[in-house]
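Data block for work_20.pdb (PDB, C-alpha atoms):
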MODEL        1
ATOM      1  CA  MET M  12       8.364  14.904  12.323
ATOM      2  CA  HIS M  13       5.160  13.896  14.092
ATOM      3  CA  ARG M  14       2.945  11.623  11.992
ATOM      4  CA  THR M  15      -0.134  13.845  12.175
ATOM      5  CA  SER M  16       1.904  16.821  10.985
ATOM      6  CA  LEU M  17       3.085  14.855   7.960
ATOM      7  CA  ARG M  18      -0.483  13.892   7.119
ATOM      8  CA  LEU M  19      -1.647  17.467   7.314
ATOM      9  CA  MET M  20       1.124  18.484   4.932
ATOM     10  CA  VAL M  21       0.074  15.714   2.520
ATOM     11  CA  VAL M  22      -3.566  16.754   2.678
ATOM     12  CA  ALA M  23      -2.558  20.369   2.100
ATOM     13  CA  GLY M  24      -0.544  19.277  -0.931
ATOM     14  CA  ILE M  25      -3.549  17.467  -2.327
ATOM     15  CA  PHE M  26      -5.833  20.457  -1.801
ATOM     16  CA  LEU M  27      -3.414  22.955  -3.322
ATOM     17  CA  GLY M  28      -1.724  21.301  -6.208
ATOM     18  CA  GLY M  29      -3.295  18.050  -7.222
ATOM     19  CA  ILE M  30      -1.162  14.969  -7.409
ATOM     20  CA  GLY M  31       0.807  13.890 -10.493
ATOM     21  CA  ALA M  32      -0.015  11.735 -13.452
ATOM     22  CA  MET M  33      -1.104   8.618 -11.614
ATOM     23  CA  TRP M  34      -4.178  10.187 -10.017
ATOM     24  CA  SER M  35      -6.786  12.827 -10.638
ATOM     25  CA  LEU M  36      -8.472  14.575  -7.753
ATOM     26  CA  SER M  37     -12.106  15.613  -7.544
ATOM     27  CA  ALA M  38     -13.253  18.658  -5.622
ATOM     28  CA  GLU M  39     -15.571  16.696  -3.335
ATOM     29  CA  THR M  40     -14.615  16.956   0.336
ATOM     30  CA  VAL M  41     -16.744  16.111   3.342
ATOM     31  CA  SER M  42     -16.419  18.614   6.173
ATOM     32  CA  PHE M  43     -15.074  17.335   9.479
ATOM     33  CA  SER M  44     -14.807  18.366  13.090
ATOM     34  CA  SER M  45     -11.978  16.176  14.373
ATOM     35  CA  ASP M  46      -9.054  14.129  13.064
ATOM     36  CA  CYS M  47     -11.163  10.946  13.296
ATOM     37  CA  ASP M  48     -14.046  12.115  11.128
ATOM     38  CA  SER M  49     -13.882  11.030   7.511
ATOM     39  CA  VAL M  50     -12.586  13.376   4.833
ATOM     40  CA  TRP M  51     -13.389  11.865   1.446
ATOM     41  CA  HIS M  52     -11.720  12.517  -1.881
ATOM     42  CA  GLU M  53     -12.220  10.831  -5.186
ATOM     43  CA  TYR M  54      -9.253   9.685  -7.247
ATOM     44  CA  VAL M  55      -9.011   8.162 -10.690
ATOM     45  CA  VAL M  56      -6.897   5.023 -10.962
ATOM     46  CA  ARG M  57      -4.130   5.184 -13.570
ATOM     47  CA  GLY M  58      -2.494   1.914 -14.553
ATOM     48  CA  ASP M  59      -3.260  -1.752 -14.047
ATOM     49  CA  SER M  60      -1.220  -2.784 -10.988
ATOM     50  CA  MET M  61      -4.413  -3.493  -8.997
ATOM     51  CA  ARG M  62      -6.267  -5.516 -11.655
ATOM     52  CA  PRO M  63      -8.736  -7.137 -11.397
ATOM     53  CA  LEU M  64      -9.967  -5.282  -8.270
ATOM     54  CA  LEU M  65      -9.349  -1.782  -9.661
ATOM     55  CA  VAL M  66      -8.998  -0.905 -13.324
ATOM     56  CA  HIS M  67      -7.547   2.013 -15.271
ATOM     57  CA  ASN M  68      -9.793   5.133 -15.084
ATOM     58  CA  GLU M  69     -11.913   3.733 -12.233
ATOM     59  CA  VAL M  70     -12.980   6.326  -9.654
ATOM     60  CA  ILE M  71     -12.247   5.415  -6.026
ATOM     61  CA  ARG M  72     -13.190   7.126  -2.752
ATOM     62  CA  VAL M  73     -10.404   7.610  -0.218
ATOM     63  CA  ASP M  74     -10.787   8.569   3.453
ATOM     64  CA  LEU M  75      -7.853  10.891   4.088
ATOM     65  CA  ASN M  76      -8.351  10.906   7.877
ATOM     66  CA  TYR M  77      -8.754   7.179   8.511
ATOM     67  CA  TYR M  78      -5.152   6.551   9.549
ATOM     68  CA  HIS M  79      -5.142   9.455  11.979
ATOM     69  CA  CYS M  80      -7.106   7.189  14.330
ATOM     70  CA  HIS M  81      -6.506   3.636  13.076
ATOM     71  CA  GLN M  82      -3.509   1.432  12.417
ATOM     72  CA  PRO M  83      -3.348  -0.183   8.965
ATOM     73  CA  ARG M  84      -4.641  -3.750   8.829
ATOM     74  CA  VAL M  85      -3.907  -6.621   6.502
ATOM     75  CA  GLY M  86      -6.251  -6.645   3.513
ATOM     76  CA  GLU M  87      -6.947  -2.913   3.454
ATOM     77  CA  VAL M  88      -6.605  -1.132   0.139
ATOM     78  CA  VAL M  89      -4.621   2.051   0.733
ATOM     79  CA  VAL M  90      -3.303   5.113  -1.034
ATOM     80  CA  LEU M  91       0.260   5.916  -0.042
ATOM     81  CA  LEU M  92       3.100   8.176  -1.027
ATOM     82  CA  HIS M  93       5.494   6.879  -3.653
ATOM     83  CA  PRO M  94       9.063   6.973  -2.325
ATOM     84  CA  HIS M  95      10.493   8.695  -5.426
ATOM     85  CA  ARG M  96       7.618  10.269  -7.365
ATOM     86  CA  GLU M  97       4.890  12.812  -6.768
ATOM     87  CA  ALA M  98       2.065  10.489  -7.833
ATOM     88  CA  PRO M  99       0.776   8.312  -4.991
ATOM     89  CA  LEU M 100       0.184   4.563  -5.194
ATOM     90  CA  VAL M 101      -2.855   2.397  -4.498
ATOM     91  CA  LYS M 102      -1.965  -1.024  -3.075
ATOM     92  CA  VAL M 103      -3.056  -3.725  -0.638
ATOM     93  CA  VAL M 104      -1.574  -4.081   2.852
ATOM     94  CA  TYR M 105      -0.254  -7.649   3.068
ATOM     95  CA  ALA M 106       1.645  -7.516   6.374
ATOM     96  CA  VAL M 107       1.959  -5.106   9.285
ATOM     97  CA  GLU M 108       4.276  -4.758  12.263
ATOM     98  CA  GLY M 109       4.844  -8.045  14.057
ATOM     99  CA  ASP M 110       3.905 -10.236  11.088
ATOM    100  CA  THR M 111       6.498 -12.762   9.924
ATOM    101  CA  LEU M 112       7.849 -12.986   6.369
ATOM    102  CA  HIS M 113       9.850 -15.620   4.558
ATOM    103  CA  PHE M 114      10.153 -17.223   1.139
ATOM    104  CA  THR M 115       9.834 -20.862   0.189
ATOM    105  CA  PRO M 116      11.194 -22.211  -3.087
ATOM    106  CA  THR M 117       8.770 -23.512  -5.692
ATOM    107  CA  GLU M 118       9.313 -26.487  -7.966
ATOM    108  CA  GLN M 119      10.501 -24.004 -10.582
ATOM    109  CA  SER M 120      14.147 -23.017 -10.141
ATOM    110  CA  GLY M 121      14.641 -19.413  -8.985
ATOM    111  CA  ILE M 122      10.948 -18.819  -8.180
ATOM    112  CA  TYR M 123       9.761 -18.355  -4.581
ATOM    113  CA  HIS M 124       6.425 -18.212  -2.750
ATOM    114  CA  LEU M 125       5.998 -15.327  -0.342
ATOM    115  CA  GLN M 126       4.945 -16.592   3.098
ATOM    116  CA  ILE M 127       3.298 -14.284   5.635
ATOM    117  CA  ASN M 128       2.738 -15.719   9.115
ATOM    118  CA  ASN M 129       3.519 -19.155   7.623
ATOM    119  CA  THR M 130       0.706 -18.847   5.074
ATOM    120  CA  SER M 131       1.252 -18.492   1.338
ATOM    121  CA  ALA M 132       0.367 -14.955   0.229
ATOM    122  CA  GLU M 133      -2.032 -14.681  -2.703
ATOM    123  CA  ALA M 134      -2.839 -12.063  -5.305
ATOM    124  CA  SER M 135      -6.106 -12.435  -7.234
ATOM    125  CA  GLY M 136      -6.468 -16.019  -5.987
ATOM    126  CA  GLU M 137      -3.004 -17.110  -7.146
ATOM    127  CA  PRO M 138       0.039 -17.698  -4.905
ATOM    128  CA  PHE M 139       2.266 -14.628  -4.812
ATOM    129  CA  VAL M 140       5.526 -15.687  -6.457
ATOM    130  CA  LEU M 141       8.751 -13.780  -6.959
ATOM    131  CA  THR M 142      11.988 -14.371  -8.792
ATOM    132  CA  ALA M 143      15.236 -14.288  -6.847
ATOM    133  CA  ALA M 144      15.887 -10.782  -8.210
ATOM    134  CA  ASP M 145      12.375  -9.511  -7.377
ATOM    135  CA  ARG M 146      12.517 -10.651  -3.764
ATOM    136  CA  LYS M 147      15.773  -8.820  -2.893
ATOM    137  CA  LYS M 148      14.192  -5.744  -1.267
ATOM    138  CA  ILE M 149      11.869  -7.799   0.916
ATOM    139  CA  GLN M 150      14.634 -10.280   1.718
ATOM    140  CA  ALA M 151      16.807  -7.412   2.996
ATOM    141  CA  TYR M 152      14.150  -6.630   5.634
ATOM    142  CA  ILE M 153      13.740 -10.307   6.471
ATOM    143  CA  ASP M 154      17.481 -10.544   7.076
ATOM    144  CA  ALA M 155      17.726  -7.272   9.024
ATOM    145  CA  TYR M 156      14.725  -7.916  11.295
ATOM    146  CA  ALA M 157      14.848 -11.716  11.740
ATOM    147  CA  GLY M 158      11.818 -12.168   9.497
ATOM    148  CA  VAL M 159       9.521  -9.893  11.521
ATOM    149  CA  VAL M 160       8.003  -6.700  10.093
ATOM    150  CA  PRO M 161       9.363  -3.906  12.346
ATOM    151  CA  ALA M 162       7.198  -1.415  14.245
ATOM    152  CA  ASP M 163       5.413   1.178  12.102
ATOM    153  CA  TYR M 164       6.163  -0.627   8.802
ATOM    154  CA  MET M 165       4.030  -2.632   6.369
ATOM    155  CA  LEU M 166       4.396  -4.813   3.307
ATOM    156  CA  ILE M 167       2.305  -3.469   0.432
ATOM    157  CA  LEU M 168       1.729  -5.215  -2.881
ATOM    158  CA  GLY M 169      -0.253  -4.749  -6.055
ATOM    159  CA  LEU M 170      -2.583  -7.493  -7.229
ATOM    160  CA  ASN M 171      -1.170  -7.692 -10.752
ATOM    161  CA  GLN M 172       2.049  -9.583 -10.034
ATOM    162  CA  GLY M 173       5.084  -8.322 -11.897
ATOM    163  CA  ARG M 174       3.317  -5.106 -12.959
ATOM    164  CA  SER M 175       3.358  -3.153  -9.724
ATOM    165  CA  LEU M 176       5.619  -0.657  -7.984
ATOM    166  CA  ASP M 177       5.362  -1.893  -4.411
ATOM    167  CA  SER M 178       7.410  -3.529  -1.642
ATOM    168  CA  THR M 179       9.106  -5.746  -4.222
ATOM    169  CA  GLU M 180      10.707  -2.577  -5.648
ATOM    170  CA  TYR M 181      11.054  -0.367  -2.565
ATOM    171  CA  GLY M 182      10.970  -2.647   0.478
ATOM    172  CA  LEU M 183       8.682  -2.091   3.438
ATOM    173  CA  TYR M 184       6.749   1.160   3.701
ATOM    174  CA  HIS M 185       6.518   3.271   6.848
ATOM    175  CA  TYR M 186       3.035   4.020   8.193
ATOM    176  CA  ALA M 187       3.768   7.735   7.700
ATOM    177  CA  SER M 188       3.558   7.139   3.930
ATOM    178  CA  LEU M 189      -0.184   6.429   4.189
ATOM    179  CA  VAL M 190      -2.441   9.011   2.543
ATOM    180  CA  GLY M 191      -5.755   7.263   3.182
ATOM    181  CA  LYS M 192      -7.938   4.165   3.071
ATOM    182  CA  VAL M 193      -9.830   3.248  -0.086
ATOM    183  CA  ASP M 194     -13.551   2.649   0.395
ATOM    184  CA  ILE M 195     -13.605  -0.899  -0.972
ATOM    185  CA  ALA M 196     -13.812  -4.407   0.440
ATOM    186  CA  LEU M 197     -11.618  -7.264  -0.768
TER     187      LEU M 197
ENDMDL
END
Whole structure, structure tokens version:
Amino acid sequence: MHRTSLRLMVVAGIFLGGIGAMWSLSAETVSFSSDCDSVWHEYVVRGDSMRPLLVHNEVIRVDLNYYHCHQPRVGEVVVLLHPHREAPLVKVVYAVEGDTLHFTPTEQSGIYHLQINNTSAEASGEPFVLTAADRKKIQAYIDAYAGVVPADYMLILGLNQGRSLDSTEYGLYHYASLVGKVDIAL
């Protein structure tokens, strides 16, 4: 299916039925004349996977059209489709196509630092660390693609380590899973 078609179906789903328990949708929509003009919706954050940046019950603005005309970039806060649930996710893009991924062991047995482009990834100012079990999904992509994020895929992570449904649970996400860009700067 063409990416734009998928997005239009997602937007239609949001307009018609709301989204599940993780988000609430406001009625505010900005009119638009092309796929590149902004279409804003407000969502209410449910959960604490993005603490301290976003907190439970915080209202965020999301541009539903942003990714019709732009590729995702590292550091953007995005709303994307959950692979197995109706409720979407809000996460940070940590790596995009062409970026390199690997793990380095820490001094603590069975704990690894996530490295992106040979730089230690951080969440809320702390190195992003994973147990051997938690890194399995990402490691599968590293092994399959020689450590390079494949075309049209991204690594997404929550900021609250160990309390987030993200690439550590579901592997890399396809760009087609993007719903929109959150209006916030890291």
Report as a ChimeraX atom specification the residues that result from applying the PyMOL selection byres ((chain M and resi 126) around 8) to the structure here.
/M:111-115,124-125,127-132
Record the distance separating atom CA of Tyr152 of chain M and atom CA of Arg62 of chain M, expressed in Å with one decimal.
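Spanning atom CA of Tyr152 of chain M to atom CA of Arg62 of chain M is a straight-line distance of 26.8 Å.
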Expressed in Å to a single decimal, how great is the separation between atom CA of Phe139 of chain M and atom CA of Tyr77 of chain M?
27.8 Å
Would you write out, as an MDAnalysis selection string, every residue that the PyMOL selection byres ((chain M and resi 168-185) around 10) captures in this file?
chainID M and resid 58:65 88 91:95 100:108 133:142 144:152 160:167 186:189
Find the distance between atom CA of Val90 of chain M and atom CA of Asn68 of chain M and write it in Å to one decimal.
15.5 Å
Write out as a list in words the residues lying within 6 Å of Arg72 of chain M, counting only C-alpha atoms and excluding same-chain residues fewer than 4 positions away.
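In the requested format, the answer is His52, Glu53, Val193 and Asp194 of chain M.
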Option closest in space to Val70 of chain M, from M:Cys47, M:Asp110, M:Val85, M:Tyr54 [counting all atoms listed in the file]:
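Selected residue with least distance to Val70 of chain M: M:Tyr54.
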Residue nearest Ser49 of chain M among M:Cys80, M:Ile71, M:Ile153, M:Val66 (counting all atoms listed in the file)
M:Cys80
For segment 60-78 of chain M, supply N, CA, C and O atoms and format the output as a CSV table (one decimal), in the coordinates of the input.
chain,number,residue,atom,x,y,z
M,60,SER,N,-1.9,-2.0,-12.0
M,60,SER,CA,-1.2,-2.8,-11.0
M,60,SER,C,-2.2,-3.4,-10.0
M,60,SER,O,-1.8,-4.3,-9.3
M,61,MET,N,-3.4,-3.0,-9.9
M,61,MET,CA,-4.4,-3.5,-9.0
M,61,MET,C,-5.5,-4.3,-9.7
M,61,MET,O,-6.5,-4.6,-9.1
M,62,ARG,N,-5.3,-4.7,-11.0
M,62,ARG,CA,-6.3,-5.5,-11.7
M,62,ARG,C,-6.3,-6.9,-11.0
M,62,ARG,O,-5.3,-7.3,-10.5
M,63,PRO,N,-7.4,-7.5,-10.9
M,63,PRO,CA,-8.7,-7.1,-11.4
M,63,PRO,C,-9.6,-6.3,-10.5
M,63,PRO,O,-10.7,-5.9,-10.8
M,64,LEU,N,-9.2,-6.0,-9.2
M,64,LEU,CA,-10.0,-5.3,-8.3
M,64,LEU,C,-10.3,-3.9,-8.7
M,64,LEU,O,-11.4,-3.4,-8.7
M,65,LEU,N,-9.2,-3.2,-9.2
M,65,LEU,CA,-9.3,-1.8,-9.7
M,65,LEU,C,-8.8,-1.7,-11.1
M,65,LEU,O,-7.7,-2.3,-11.3
M,66,VAL,N,-9.4,-1.0,-11.9
M,66,VAL,CA,-9.0,-0.9,-13.3
M,66,VAL,C,-8.7,0.5,-13.7
M,66,VAL,O,-9.2,1.5,-13.1
M,67,HIS,N,-7.9,0.7,-14.8
M,67,HIS,CA,-7.5,2.0,-15.3
M,67,HIS,C,-8.8,2.9,-15.5
M,67,HIS,O,-9.8,2.4,-16.0
M,68,ASN,N,-8.7,4.1,-15.0
M,68,ASN,CA,-9.8,5.1,-15.1
M,68,ASN,C,-11.0,4.9,-14.1
M,68,ASN,O,-11.9,5.7,-14.2
M,69,GLU,N,-10.9,3.9,-13.2
M,69,GLU,CA,-11.9,3.7,-12.2
M,69,GLU,C,-11.8,4.8,-11.2
M,69,GLU,O,-10.7,5.2,-10.7
M,70,VAL,N,-12.9,5.3,-10.7
M,70,VAL,CA,-13.0,6.3,-9.7
M,70,VAL,C,-13.1,5.6,-8.3
M,70,VAL,O,-13.9,4.7,-8.1
M,71,ILE,N,-12.2,6.0,-7.4
M,71,ILE,CA,-12.2,5.4,-6.0
M,71,ILE,C,-12.4,6.5,-5.0
M,71,ILE,O,-12.0,7.7,-5.2
M,72,ARG,N,-13.1,6.2,-3.9
M,72,ARG,CA,-13.2,7.1,-2.8
M,72,ARG,C,-12.2,6.8,-1.7
M,72,ARG,O,-12.0,5.6,-1.3
M,73,VAL,N,-11.5,7.8,-1.2
M,73,VAL,CA,-10.4,7.6,-0.2
M,73,VAL,C,-10.7,8.5,1.0
M,73,VAL,O,-10.9,9.7,0.9
M,74,ASP,N,-10.6,7.9,2.2
M,74,ASP,CA,-10.8,8.6,3.5
M,74,ASP,C,-9.4,9.0,3.9
M,74,ASP,O,-8.6,8.2,4.3
M,75,LEU,N,-9.2,10.3,3.8
M,75,LEU,CA,-7.9,10.9,4.1
M,75,LEU,C,-7.6,10.9,5.6
M,75,LEU,O,-6.4,11.1,6.0
M,76,ASN,N,-8.6,10.8,6.4
M,76,ASN,CA,-8.4,10.9,7.9
M,76,ASN,C,-8.3,9.6,8.6
M,76,ASN,O,-8.0,9.5,9.8
M,77,TYR,N,-8.6,8.5,7.9
M,77,TYR,CA,-8.8,7.2,8.5
M,77,TYR,C,-7.5,6.8,9.4
M,77,TYR,O,-7.7,6.3,10.5
M,78,TYR,N,-6.4,7.0,8.8
M,78,TYR,CA,-5.2,6.6,9.5
M,78,TYR,C,-4.7,7.5,10.6
M,78,TYR,O,-3.7,7.3,11.3
